[in-house]
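Before any comments, here is the structure.
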Number of protein chains: 2
Amino acid sequence: MTNILKSEAECIMVIFGGTGDLTYRKLIPALYNLFHEQSLSEKFAIVGVGRKTLSNAEYQHQLLEAIRKYSHFPISTDIWEQFSKKLSYYPLNFLDETGYLDLNSYLTKLDQAFSTQGNRLYYLAVSPEYFKNIPLNLKKNSMINNQLKQRLVIEKPFGKDLTTAKYLNEILTSTFHQDNIYRIDHYLGKEMYQNMLVIRFGNAMFEGIWNSKYIDNIQITASEVIGVKTRGGYYDSAGALRDMIQSHLLQFLALVAMEPPIKIDAASIRDEKIKLLRSLNEIELLEGNVVRGQYGSKLNNDLLIPSYREEAGISNISITETYVALRLFANNFRWGNMPFYLRTGKRMAAKTTYIVIEFKSFPDILYFKDKHLKPNLLEIRIEPEEGVSFQFNTKRPGTTQIIENVKMDFCQNCNFESNSPEAYERLLADILRNDQTLFTSWEEIEASWSFVDRIADLWKHIRAQRPPLVEPINAT
Amino acid sequence: MTNILKSEAECIMVIFGGTGDLTYRKLIPALYNLFHEQSLSEKFAIVGVGRKTLSNAEYQHQLLEAIRKYSHFPISTDIWEQFSKKLSYYPLNFLDETGYLDLNSYLTKLDQAFSTQGNRLYYLAVSPEYFKNIPLNLKKNSMINNQLKQRLVIEKPFGKDLTTAKYLNEILTSTFHQDNIYRIDHYLGKEMYQNMLVIRFGNAMFEGIWNSKYIDNIQITASEVIGVKTRGGYYDSAGALRDMIQSHLLQFLALVAMEPPIKIDAASIRDEKIKLLRSLNEIELLEGNVVRGQYGSKLNNDLLIPSYREEAGISNISITETYVALRLFANNFRWGNMPFYLRTGKRMAAKTTYIVIEFKSFPDILYFKDKHLKPNLLEIRIEPEEGVSFQFNTKRPGTTQIIENVKMDFCQNCNFESNSPEAYERLLADILRNDQTLFTSWEEIEASWSFVDRIADLWKHIRAQRPPLVEPINAT
């Protein structure tokens with residue numbers, strides 16, 4: 001861990017939604033861990049902004065409890081003592097324009113106290129309905145007067161289709177400089193997402209065969225065991241396509257399939273990801289290549305696990321899909337007619353995210369009539385286990401010629417001493433050092449919404465129909 | 001393990017050198033294990049032939065002791081009881097022509113007792129001085145009257161240069177049919193030697209990059225910790241070049257580098273190995289690419305480990321090399337100007353035989369300036385450990401971009417239930433089912449002696465000089 005010494009790291013971080021779930025579970029524990037590792041500047045402070053009325057002491061007490069529960073470093077009294085000095089709370093109704101004036105005064109005082117020279121990091125840990133008003137109110141109150149010193153972090157969803165995303169982008173870019181907008185996707189902070197770059201471009205053997213001449217297909221899977229839980233309200237208007245494919249899975253695809261960038265930096269990598277995402281739109285979408293489903297109910301040991309329509313916050317005539325499987329193609333020289341399979345769903349057998357590169361088989365000669373012979377697979381496990389394995393064929397020891405299918409394995413999170421840092425730790429550290437590599441650019445968002453809108457259009461004529469029911473494989 | 005049901009498996013095995021080290025340590029334990037696995041025909045018997053005078057009971061007792069010591073299956077009274085019925089001893093001076101007549105009568109009686117229909121397997125487990133006389137005497141006494149039913153197994157060395165090998169080949173082929181001569185090289189019975197075929201031709205991913213476009217170099221290493229021990233007499237006239245390179249290492253090279261055969265059978269594989277070995281002779285040998293050494297003495301905890309010249313049976317002015325390292329090239333399209341490195345020596349740091357495929361690096365871009373970045377290596381471990389590993393680069397978990405060099409590993413002899421069978425078990429089973437795949441053809445011997453003779457010629461002008469002294473790394 002290198003310390004973040006850049007002046008950009010010297011700032012006030014203003015968290016809108018300071019009493020929300022994301023703040024308690026992810027942001028504050030991640031910031032505490034960064035502080036614990038001495039990766040936060042001394043000239044750094046955190047202000048939670050929310051509607052509730054809370055004293056600083058009360059707020060700090062809640063954050064302490066959150067760190068105790070969610071931090072991977074255990075809490076240390078000394079470190080908390082120092083860290084808590086950086087934490088304060090400011091009550092505000094996000095829609096109340098006038099309140100921002102006082103907030104600005106408060107932040108200006110903090111600027112002086114922490115010598116942060118007007119640098120601000122505004123973090124929108126709020127529901128999408130505030131994505132428009134908060135930036136506009138910040139602007140109206142001259143809280144973004146120096147664009148280079150003020151950054152915005154925005155959580156997904158970034159729109160719900162291309163039109164709404166464009167509208168949101170217009171508002172944000174009318175208030176913040178495009179370079180200072182960080183569209184966060186926590187899947188991109190996962191170790192193995194970042195490792196994909198090293199695996200592809202740090203290993204000549206892999207990159208040499210990373211094309212449709214050698215690869216038969218690439219599978220990207222993200223499955224969850226849980227249902228919608230408390231997210232029903234948002235989820236029912238989004239569905240698996242918008243919630244998972246548009247953001248996480250298309251981002252994985254872009255990184256796995258893009259051309260080598262000319263440099264390992266944000267701009268060069270984004271250039272290549274955008275090209276890949278755009279190439280998806282050059283290929284006709286066939287209806288048979290786009291499968292959807294909605295989970296049904298299941299009797300589990302005399303307990304009825306509700307169907308999707310019976311979950312809290314879900315319409316009982318909902319036609320929202322909770323499962324999507326896609327077969328898609330990239331229109332470029334590297335991938336020719338090779339299929340990519342993207343799959344995601346809720347109430348599946350296991351919580352797991354992984355990528356499988358399936359290599360072509362030989363023509364049916366030599367050993368290839370052997371029934372034990374399976375294709376070579378390179379598997380990149382993203383979560384919960386992190387690692388790389390390679391499936392290949394070997395001779396079973398003995399005096400016969402039986403072939404066995406075996407795996408070489410490297411387990412990333414078993415082999416390195418420390419656990420991988422939480423995705424948010426990495427992403428916050430990157431924002432503080434102004435590194436956009438792991439954040440989604442507007443052009444990527446645009447290309448992936450274009451693609452996702454085409455699928456949604458395919459489904460238009462069946463809009464009134466419920467997706468095929470899928471029996472939950474697991475129900476917890 | 002499939003049973004050997006072919007009629008060829010029904011035979012009398014006649015071991016010349018029936019009281020020798022090879023018989024006790026390798027052949028009889030291997031035969032016992034095959035019997036234990038029910039892989040020997042009921043119509044099968046073993047006759048040990050030697051100069052000593054021994055009763056059958058005495059001989060069987062000695063073999064029982066040998067099995068106890070060297071078999072990987074523990075001895076079982078029941079099984080030994082049955083196995084021992086197949087074992088007898090016949091005393092003979094190998095050079096005494098007339099004695100063969102009586103031996104033949106004895107074998108004919110056994111033929112009847114075991115219903116083996118005149119099928120014989122003559123095994124020359126004797127020193128090379130008898131390689132000529134035994135076959136000639138067998139022929140003179142009409143013990144090879146039906147060429148298709150009688151096989152000869154011959155241990156190395158097969159000559160000491162091309163001229164003597166040709167002479168030996170003429171004698172053997174004047175007595176046995178070429179197809180019935182098994183030139184045994186126990187390295188070729190090792191699991192991972194055989195596995196090379198499956199690894200190369202059962203895994204599309206490997207074969208796709210198995211050429212000089214992707215591979216930087218291939219290293220084949222066979223090192224021993226021991227000195228010459230009791231083999232001084234033979235070894236001093238051979239040296240590492242003839243003892244290890246001509247046979248084992250060139251065989252490994254041939255299998256690793258050959259073109260894909262049209263079938264997985266002896267004739268097709270030999271065709272490809274021969275072409276590879278011959279291609280070595282199309283390239284000029286540079287003196288700097290051929291390095292030799294002789295081990296010196298070493299003081300090890302106040303104990304002086306003798307130098308090679310001080311070992312038993314070695315001339316005190318010996319110029320025999322105990323270490324050889326070669327850089328060589330195959331003149332074909334697949335391997336272009338890519339170097340192969342062959343290394344072998346005694347008194348080295350470890351007893352180990354392995355092959356390393358070192359892949360090319362990328363040009364010096366992206367991650368390739370990273371000092372942690374190492375080339376991709378595919379390592380095939382042949383002994384004592386058996387397995388395959390792949391070295392690649394991964395990102396060290398954390399918020400920085402440090403690259404780590406890690407290994408995926410598959411340990412063949414850890415992952416399969418039973419231990420790999422001894423090389424001799426596999427090879428004897430193959431002889432019994434008339435499978436020549438793991439035996440060296442005359443054309444391979446011819447091509448490898450041609451190559452080795454050229455190295456010996458290079459050394460002619462320094463023939464009177466002792467090879468550079470090498471300090472023993474290990475001395476046990």
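All residue names refer to the structure tokens as shown: chains lettered A, B, ... in order, residues numbered from 1 in each chain, ligands numbered from 1 in order.
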Would you mind listing what lies within 10 Å of A:Ser88 as a PDB file with N, CA, C and O atoms, in the first residue's frame, with only C-alpha atoms counted and same-chain residues fewer than 2 positions away left out?
ATOM      1  N   VAL A  14     -17.729  14.940   1.580  1.00  0.00           N
ATOM      2  CA  VAL A  14     -19.095  15.233   2.023  1.00  0.00           C
ATOM      3  C   VAL A  14     -19.992  14.098   1.535  1.00  0.00           C
ATOM      4  O   VAL A  14     -20.192  13.937   0.331  1.00  0.00           O
ATOM      5  N   GLY A  18     -25.475  10.399   4.621  1.00  0.00           N
ATOM      6  CA  GLY A  18     -24.501  10.064   5.675  1.00  0.00           C
ATOM      7  C   GLY A  18     -25.030   9.084   6.710  1.00  0.00           C
ATOM      8  O   GLY A  18     -24.241   8.510   7.464  1.00  0.00           O
ATOM      9  N   ALA A  45     -11.078  15.324   6.031  1.00  0.00           N
ATOM     10  CA  ALA A  45     -12.174  15.200   6.999  1.00  0.00           C
ATOM     11  C   ALA A  45     -13.418  14.685   6.293  1.00  0.00           C
ATOM     12  O   ALA A  45     -13.523  14.771   5.064  1.00  0.00           O
ATOM     13  N   ILE A  46     -14.301  14.109   7.088  1.00  0.00           N
ATOM     14  CA  ILE A  46     -15.511  13.493   6.537  1.00  0.00           C
ATOM     15  C   ILE A  46     -16.742  14.131   7.180  1.00  0.00           C
ATOM     16  O   ILE A  46     -16.829  14.202   8.411  1.00  0.00           O
ATOM     17  N   VAL A  47     -17.677  14.589   6.363  1.00  0.00           N
ATOM     18  CA  VAL A  47     -18.930  15.121   6.885  1.00  0.00           C
ATOM     19  C   VAL A  47     -20.077  14.264   6.380  1.00  0.00           C
ATOM     20  O   VAL A  47     -20.261  14.116   5.170  1.00  0.00           O
ATOM     21  N   GLY A  48     -20.815  13.693   7.301  1.00  0.00           N
ATOM     22  CA  GLY A  48     -22.032  12.979   6.908  1.00  0.00           C
ATOM     23  C   GLY A  48     -23.179  13.976   6.821  1.00  0.00           C
ATOM     24  O   GLY A  48     -23.396  14.747   7.753  1.00  0.00           O
ATOM     25  N   VAL A  49     -23.895  13.976   5.714  1.00  0.00           N
ATOM     26  CA  VAL A  49     -25.026  14.884   5.555  1.00  0.00           C
ATOM     27  C   VAL A  49     -26.299  14.051   5.415  1.00  0.00           C
ATOM     28  O   VAL A  49     -26.351  13.141   4.584  1.00  0.00           O
ATOM     29  N   LEU A  54     -29.020  14.715  14.415  1.00  0.00           N
ATOM     30  CA  LEU A  54     -28.066  13.933  15.217  1.00  0.00           C
ATOM     31  C   LEU A  54     -26.955  14.850  15.679  1.00  0.00           C
ATOM     32  O   LEU A  54     -26.549  15.753  14.934  1.00  0.00           O
ATOM     33  N   SER A  55     -26.477  14.640  16.875  1.00  0.00           N
ATOM     34  CA  SER A  55     -25.290  15.389  17.295  1.00  0.00           C
ATOM     35  C   SER A  55     -24.064  14.689  16.709  1.00  0.00           C
ATOM     36  O   SER A  55     -24.129  13.521  16.310  1.00  0.00           O
ATOM     37  N   ASN A  56     -22.949  15.400  16.687  1.00  0.00           N
ATOM     38  CA  ASN A  56     -21.695  14.769  16.240  1.00  0.00           C
ATOM     39  C   ASN A  56     -21.387  13.524  17.064  1.00  0.00           C
ATOM     40  O   ASN A  56     -20.973  12.496  16.527  1.00  0.00           O
ATOM     41  N   ALA A  57     -21.621  13.655  18.378  1.00  0.00           N
ATOM     42  CA  ALA A  57     -21.298  12.528  19.266  1.00  0.00           C
ATOM     43  C   ALA A  57     -22.152  11.313  18.921  1.00  0.00           C
ATOM     44  O   ALA A  57     -21.661  10.190  18.851  1.00  0.00           O
ATOM     45  N   GLU A  58     -23.443  11.576  18.687  1.00  0.00           N
ATOM     46  CA  GLU A  58     -24.337  10.467  18.335  1.00  0.00           C
ATOM     47  C   GLU A  58     -23.901   9.815  17.017  1.00  0.00           C
ATOM     48  O   GLU A  58     -23.876   8.597  16.864  1.00  0.00           O
ATOM     49  N   TYR A  59     -23.587  10.698  16.054  1.00  0.00           N
ATOM     50  CA  TYR A  59     -23.191  10.205  14.742  1.00  0.00           C
ATOM     51  C   TYR A  59     -21.926   9.355  14.858  1.00  0.00           C
ATOM     52  O   TYR A  59     -21.838   8.239  14.334  1.00  0.00           O
ATOM     53  N   GLN A  60     -20.949   9.878  15.570  1.00  0.00           N
ATOM     54  CA  GLN A  60     -19.694   9.145  15.737  1.00  0.00           C
ATOM     55  C   GLN A  60     -19.933   7.792  16.407  1.00  0.00           C
ATOM     56  O   GLN A  60     -19.309   6.798  16.045  1.00  0.00           O
ATOM     57  N   SER A  84     -11.863   9.531  14.655  1.00  0.00           N
ATOM     58  CA  SER A  84     -13.149  10.166  14.971  1.00  0.00           C
ATOM     59  C   SER A  84     -13.057  11.692  14.910  1.00  0.00           C
ATOM     60  O   SER A  84     -14.065  12.367  14.690  1.00  0.00           O
ATOM     61  N   LYS A  85     -11.842  12.227  15.058  1.00  0.00           N
ATOM     62  CA  LYS A  85     -11.685  13.682  14.977  1.00  0.00           C
ATOM     63  C   LYS A  85     -11.998  14.206  13.579  1.00  0.00           C
ATOM     64  O   LYS A  85     -12.213  15.391  13.367  1.00  0.00           O
ATOM     65  N   LYS A  86     -11.955  13.325  12.623  1.00  0.00           N
ATOM     66  CA  LYS A  86     -12.228  13.712  11.242  1.00  0.00           C
ATOM     67  C   LYS A  86     -13.718  13.664  10.906  1.00  0.00           C
ATOM     68  O   LYS A  86     -14.120  14.076   9.824  1.00  0.00           O
ATOM     69  N   TYR A  90     -23.826  16.760   9.555  1.00  0.00           N
ATOM     70  CA  TYR A  90     -24.536  18.002   9.241  1.00  0.00           C
ATOM     71  C   TYR A  90     -25.929  17.667   8.735  1.00  0.00           C
ATOM     72  O   TYR A  90     -26.073  16.993   7.711  1.00  0.00           O
ATOM     73  N   LEU A 110     -14.447  23.979   8.082  1.00  0.00           N
ATOM     74  CA  LEU A 110     -13.672  22.733   8.123  1.00  0.00           C
ATOM     75  C   LEU A 110     -12.453  22.823   7.205  1.00  0.00           C
ATOM     76  O   LEU A 110     -11.370  22.351   7.540  1.00  0.00           O
TER      77      LEU A 110
END
Could you tell me, as JSON, numbers by chain, which residues of stretch 49-205 of chain B DSSP assigns to alpha helix (DSSP H) when given the backbone?
{"B": [56, 57, 58, 59, 60, 61, 62, 63, 64, 65, 66, 67, 68, 69, 70, 77, 78, 79, 80, 81, 82, 83, 84, 99, 100, 101, 102, 103, 104, 105, 106, 107, 108, 109, 110, 111, 112, 113, 114, 133, 134, 135, 136, 137, 138, 139, 140, 162, 163, 164, 165, 166, 167, 168, 169, 170, 171, 172, 173, 174, 175, 191, 192, 193, 194, 195, 196, 197, 198, 199, 200, 201, 204, 205]}
Surrounding residues of stretch 451-465 of chain A excluding itself and chain neighbours under 5 positions, 10 Å, only C-alpha atoms, as a short mmCIF file (atom, residue, chain, number, x, y, z; two decimals) with C-alpha atoms, in the first residue's frame:
data_model
loop_
_atom_site.label_atom_id
_atom_site.label_comp_id
_atom_site.auth_asym_id
_atom_site.auth_seq_id
_atom_site.Cartn_x
_atom_site.Cartn_y
_atom_site.Cartn_z
CA LYS A 160 -32.67 3.53 -16.37
CA ASP A 161 -32.15 3.66 -20.12
CA LEU A 162 -30.13 5.65 -22.62
CA THR A 163 -32.49 8.64 -22.59
CA LEU A 241 -30.97 -6.68 -17.24
CA ARG A 242 -30.57 -3.12 -15.95
CA ILE A 245 -26.01 -6.72 -17.17
CA GLN A 246 -25.84 -3.00 -17.98
CA SER A 247 -23.28 -2.31 -15.31
CA LEU A 250 -20.86 -5.65 -19.51
CA LEU A 277 -18.96 -2.19 -26.04
CA ARG A 278 -19.75 -0.36 -29.26
CA SER A 279 -18.85 -3.44 -31.30
CA LEU A 280 -21.67 -5.31 -29.55
CA ASN A 281 -24.12 -2.91 -31.15
CA GLU A 282 -22.98 -3.79 -34.67
CA GLU A 284 -28.16 -8.08 -34.78
CA LEU A 285 -29.77 -9.37 -31.59
CA LEU A 286 -31.75 -12.55 -32.09
CA GLU A 287 -34.59 -13.18 -29.70
CA ASN A 289 -30.10 -15.33 -27.82
CA VAL A 290 -31.78 -13.35 -25.05
CA VAL A 291 -33.43 -15.41 -22.34
CA ARG A 292 -35.25 -14.08 -19.27
CA ILE A 317 -48.44 -8.48 -11.55
CA SER A 318 -44.75 -7.68 -12.01
CA ILE A 319 -43.20 -8.75 -15.32
CA THR A 320 -39.69 -7.84 -14.20
CA LEU A 326 -27.41 -13.65 -23.18
CA ILE A 445 -22.37 4.02 -19.96
CA GLU A 446 -23.75 5.30 -23.24
#
Please check the contacts: residues of chain A at most 6 Å away from chain B, using only C-alpha atoms, listed as an MDAnalysis selection string.
chainID A and resid 1 195 198:199 202 204 263:264 361:362 366:367 393:395 397:400 408:410 420:421 426
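With only C-alpha atoms as the basis for measurement, A:His248 is the residue among A:Asp21, A:Arg270, A:Glu170, A:His248 that approaches A:Tyr193 most closely.
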Can you tell me which residues surround A:Lys275 at a distance of at most 10 Å, considering only C-alpha atoms, apart from same-chain residues fewer than 3 positions away, and format the answer as a PyMOL selection string?
chain A and resi 254+258-259+270-272+278-280+330-332+443-444+447
Write to file, as a PDB file, in the first residue's frame, the residues of the selection just made, with C-alpha atoms.
ATOM      1  CA  ALA A 254     -15.358  -5.172 -21.873  1.00  0.00           C
ATOM      2  CA  MET A 258     -10.998  -5.469 -25.260  1.00  0.00           C
ATOM      3  CA  GLU A 259      -7.861  -4.942 -27.348  1.00  0.00           C
ATOM      4  CA  ARG A 270     -11.482   3.250 -21.446  1.00  0.00           C
ATOM      5  CA  ASP A 271     -10.745   3.771 -25.128  1.00  0.00           C
ATOM      6  CA  GLU A 272     -10.528   0.022 -25.611  1.00  0.00           C
ATOM      7  CA  ARG A 278     -19.752  -0.357 -29.258  1.00  0.00           C
ATOM      8  CA  SER A 279     -18.849  -3.436 -31.302  1.00  0.00           C
ATOM      9  CA  LEU A 280     -21.675  -5.310 -29.548  1.00  0.00           C
ATOM     10  CA  ALA A 330     -18.467  -8.634 -30.706  1.00  0.00           C
ATOM     11  CA  ASN A 331     -18.065  -7.354 -34.218  1.00  0.00           C
ATOM     12  CA  ASN A 332     -14.292  -7.208 -34.456  1.00  0.00           C
ATOM     13  CA  GLU A 443     -19.051   6.780 -23.210  1.00  0.00           C
ATOM     14  CA  GLU A 444     -19.069   3.306 -21.673  1.00  0.00           C
ATOM     15  CA  ALA A 447     -22.634   2.231 -25.224  1.00  0.00           C
TER      16      ALA A 447
END
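Taking only C-alpha atoms, the non-local environment of stretch 175-180 of chain A within 9 Å (same-chain residues fewer than 5 positions away omitted) comprises Pro135, Leu136, Leu138, Lys139, Ile144, Gln147, Leu148, Lys149, Gln150, Arg151, Leu152, Val153, Glu170, Asn434, Gln436, Ser441 and Trp442 of chain A.
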Using all heavy atoms, can you export the residues from the last selection as a tab-separated table (two decimals), in the first residue's frame?
chain	number	residue	atom	x	y	z
A	135	PRO	N	-26.46	18.00	-7.10
A	135	PRO	CA	-25.48	18.76	-7.89
A	135	PRO	C	-25.96	20.16	-8.26
A	135	PRO	O	-25.18	21.12	-8.18
A	135	PRO	CB	-25.31	17.89	-9.15
A	135	PRO	CG	-25.69	16.52	-8.72
A	135	PRO	CD	-26.78	16.70	-7.71
A	136	LEU	N	-27.25	20.29	-8.62
A	136	LEU	CA	-27.74	21.62	-8.99
A	136	LEU	C	-27.70	22.57	-7.81
A	136	LEU	O	-27.32	23.74	-7.95
A	136	LEU	CB	-29.17	21.51	-9.56
A	136	LEU	CG	-29.28	20.85	-10.95
A	136	LEU	CD1	-30.76	20.69	-11.36
A	136	LEU	CD2	-28.51	21.66	-12.01
A	138	LEU	N	-25.70	22.36	-5.24
A	138	LEU	CA	-24.29	22.68	-4.96
A	138	LEU	C	-23.82	23.80	-5.87
A	138	LEU	O	-23.11	24.71	-5.46
A	138	LEU	CB	-23.41	21.43	-5.17
A	138	LEU	CG	-23.56	20.29	-4.16
A	138	LEU	CD1	-22.78	19.06	-4.62
A	138	LEU	CD2	-23.08	20.74	-2.77
A	139	LYS	N	-24.25	23.71	-7.13
A	139	LYS	CA	-23.81	24.72	-8.08
A	139	LYS	C	-24.40	26.09	-7.75
A	139	LYS	O	-23.68	27.09	-7.69
A	139	LYS	CB	-24.20	24.31	-9.49
A	139	LYS	CG	-23.48	25.18	-10.52
A	139	LYS	CD	-23.79	24.82	-11.93
A	139	LYS	CE	-22.94	25.71	-12.85
A	139	LYS	NZ	-23.40	25.64	-14.23
A	144	ILE	N	-19.28	24.64	-6.13
A	144	ILE	CA	-18.46	23.98	-7.16
A	144	ILE	C	-17.80	25.10	-7.96
A	144	ILE	O	-17.71	25.06	-9.18
A	144	ILE	CB	-19.30	23.09	-8.12
A	144	ILE	CG1	-20.54	22.52	-7.40
A	144	ILE	CG2	-18.46	21.94	-8.69
A	144	ILE	CD1	-21.45	21.69	-8.28
A	147	GLN	N	-13.79	24.09	-10.36
A	147	GLN	CA	-14.08	22.73	-10.81
A	147	GLN	C	-12.95	21.73	-10.60
A	147	GLN	O	-13.19	20.54	-10.40
A	147	GLN	CB	-14.45	22.75	-12.30
A	147	GLN	CG	-15.78	23.48	-12.55
A	147	GLN	CD	-16.26	23.28	-13.95
A	147	GLN	OE1	-15.46	23.18	-14.87
A	147	GLN	NE2	-17.56	23.24	-14.11
A	148	LEU	N	-11.75	22.18	-10.68
A	148	LEU	CA	-10.65	21.23	-10.57
A	148	LEU	C	-10.46	20.73	-9.15
A	148	LEU	O	-9.83	19.74	-8.91
A	148	LEU	CB	-9.35	21.86	-11.06
A	148	LEU	CG	-9.31	22.03	-12.58
A	148	LEU	CD1	-8.06	22.78	-13.00
A	148	LEU	CD2	-9.40	20.67	-13.26
A	149	LYS	N	-11.03	21.48	-8.19
A	149	LYS	CA	-10.84	21.09	-6.81
A	149	LYS	C	-12.00	20.30	-6.25
A	149	LYS	O	-11.95	19.84	-5.13
A	149	LYS	CB	-10.61	22.34	-5.96
A	149	LYS	CG	-9.26	22.97	-6.21
A	149	LYS	CD	-9.01	24.06	-5.19
A	149	LYS	CE	-7.53	24.29	-4.99
A	149	LYS	NZ	-7.28	25.14	-3.84
A	150	GLN	N	-13.07	20.16	-7.06
A	150	GLN	CA	-14.24	19.50	-6.51
A	150	GLN	C	-14.66	18.31	-7.36
A	150	GLN	O	-14.81	18.42	-8.56
A	150	GLN	CB	-15.41	20.49	-6.37
A	150	GLN	CG	-15.26	21.30	-5.11
A	150	GLN	CD	-15.15	22.77	-5.39
A	150	GLN	OE1	-15.32	23.20	-6.53
A	150	GLN	NE2	-14.87	23.56	-4.37
A	151	ARG	N	-14.82	17.20	-6.67
A	151	ARG	CA	-15.16	15.96	-7.37
A	151	ARG	C	-16.52	15.47	-6.91
A	151	ARG	O	-16.96	15.75	-5.81
A	151	ARG	CB	-14.08	14.90	-7.08
A	151	ARG	CG	-12.83	15.12	-7.88
A	151	ARG	CD	-11.66	14.35	-7.31
A	151	ARG	NE	-11.19	14.97	-6.07
A	151	ARG	CZ	-10.22	14.46	-5.32
A	151	ARG	NH1	-9.65	13.33	-5.64
A	151	ARG	NH2	-9.83	15.09	-4.22
A	152	LEU	N	-17.14	14.69	-7.80
A	152	LEU	CA	-18.43	14.10	-7.48
A	152	LEU	C	-18.32	12.59	-7.63
A	152	LEU	O	-17.76	12.10	-8.61
A	152	LEU	CB	-19.50	14.61	-8.47
A	152	LEU	CG	-20.90	14.02	-8.28
A	152	LEU	CD1	-21.59	14.70	-7.08
A	152	LEU	CD2	-21.74	14.21	-9.55
A	153	VAL	N	-18.86	11.86	-6.64
A	153	VAL	CA	-18.93	10.42	-6.78
A	153	VAL	C	-20.40	10.04	-6.82
A	153	VAL	O	-21.17	10.47	-5.96
A	153	VAL	CB	-18.24	9.70	-5.60
A	153	VAL	CG1	-18.21	8.19	-5.86
A	153	VAL	CG2	-16.84	10.24	-5.38
A	170	GLU	N	-26.16	15.17	-18.68
A	170	GLU	CA	-26.18	16.60	-18.99
A	170	GLU	C	-26.18	17.45	-17.72
A	170	GLU	O	-25.48	18.44	-17.63
A	170	GLU	CB	-27.42	16.95	-19.83
A	170	GLU	CG	-27.14	16.82	-21.32
A	170	GLU	CD	-28.42	16.71	-22.13
A	170	GLU	OE1	-29.43	17.35	-21.73
A	170	GLU	OE2	-28.42	15.99	-23.15
A	434	ASN	N	-7.17	10.59	-7.70
A	434	ASN	CA	-7.64	11.02	-9.03
A	434	ASN	C	-7.37	10.00	-10.12
A	434	ASN	O	-6.98	10.34	-11.23
A	434	ASN	CB	-6.95	12.33	-9.43
A	434	ASN	CG	-7.83	13.52	-9.13
A	434	ASN	OD1	-8.86	13.39	-8.45
A	434	ASN	ND2	-7.42	14.68	-9.60
A	436	GLN	N	-9.03	7.40	-12.53
A	436	GLN	CA	-10.35	7.03	-13.06
A	436	GLN	C	-10.37	5.61	-13.63
A	436	GLN	O	-11.41	5.15	-14.12
A	436	GLN	CB	-10.75	8.02	-14.17
A	436	GLN	CG	-11.27	9.36	-13.66
A	436	GLN	CD	-12.80	9.35	-13.45
A	436	GLN	OE1	-13.43	8.31	-13.41
A	436	GLN	NE2	-13.37	10.55	-13.27
A	441	SER	N	-16.65	5.39	-17.62
A	441	SER	CA	-16.75	6.67	-18.33
A	441	SER	C	-18.15	6.83	-18.90
A	441	SER	O	-18.89	5.86	-19.05
A	441	SER	CB	-15.74	6.72	-19.46
A	441	SER	OG	-16.11	5.80	-20.47
A	442	TRP	N	-18.47	8.07	-19.23
A	442	TRP	CA	-19.78	8.33	-19.82
A	442	TRP	C	-19.97	7.55	-21.13
A	442	TRP	O	-21.02	6.97	-21.37
A	442	TRP	CB	-19.97	9.84	-20.03
A	442	TRP	CG	-21.11	10.10	-20.99
A	442	TRP	CD1	-21.05	10.69	-22.21
A	442	TRP	CD2	-22.49	9.71	-20.82
A	442	TRP	NE1	-22.27	10.70	-22.81
A	442	TRP	CE2	-23.18	10.10	-21.98
A	442	TRP	CE3	-23.19	9.06	-19.80
A	442	TRP	CZ2	-24.54	9.87	-22.16
A	442	TRP	CZ3	-24.55	8.82	-19.98
A	442	TRP	CH2	-25.21	9.23	-21.14
Enumerate the residues of stretch 82-246 of chain B with a DSSP assignment of strand (DSSP E or B), computed from the backbone, and present them as a list in words.
Leu87, Ser88, Tyr89, Tyr90, Pro91, Arg120, Leu121, Tyr122, Tyr123, Leu124, Gln150, Arg151, Leu152, Val153, Ile154, Ile181, Tyr182, Arg183, Ile215, Asp216, Asn217, Ile218, Gln219, Ile220, Thr221, Ala222 and Ser223 of chain B
One-decimal distance in Å that lies between atom CA of B:Thr230 and atom CA of B:Phe94:
22.9 Å
Write out as a VMD selection string the residues lying within 12 Å of B:Phe340, counting only C-alpha atoms and excluding same-chain residues fewer than 3 positions away.
chain B and resid 211 to 212 215 to 221 249 to 250 252 to 254 256 to 257 280 289 to 290 325 to 331 335 to 337 343 355 to 358
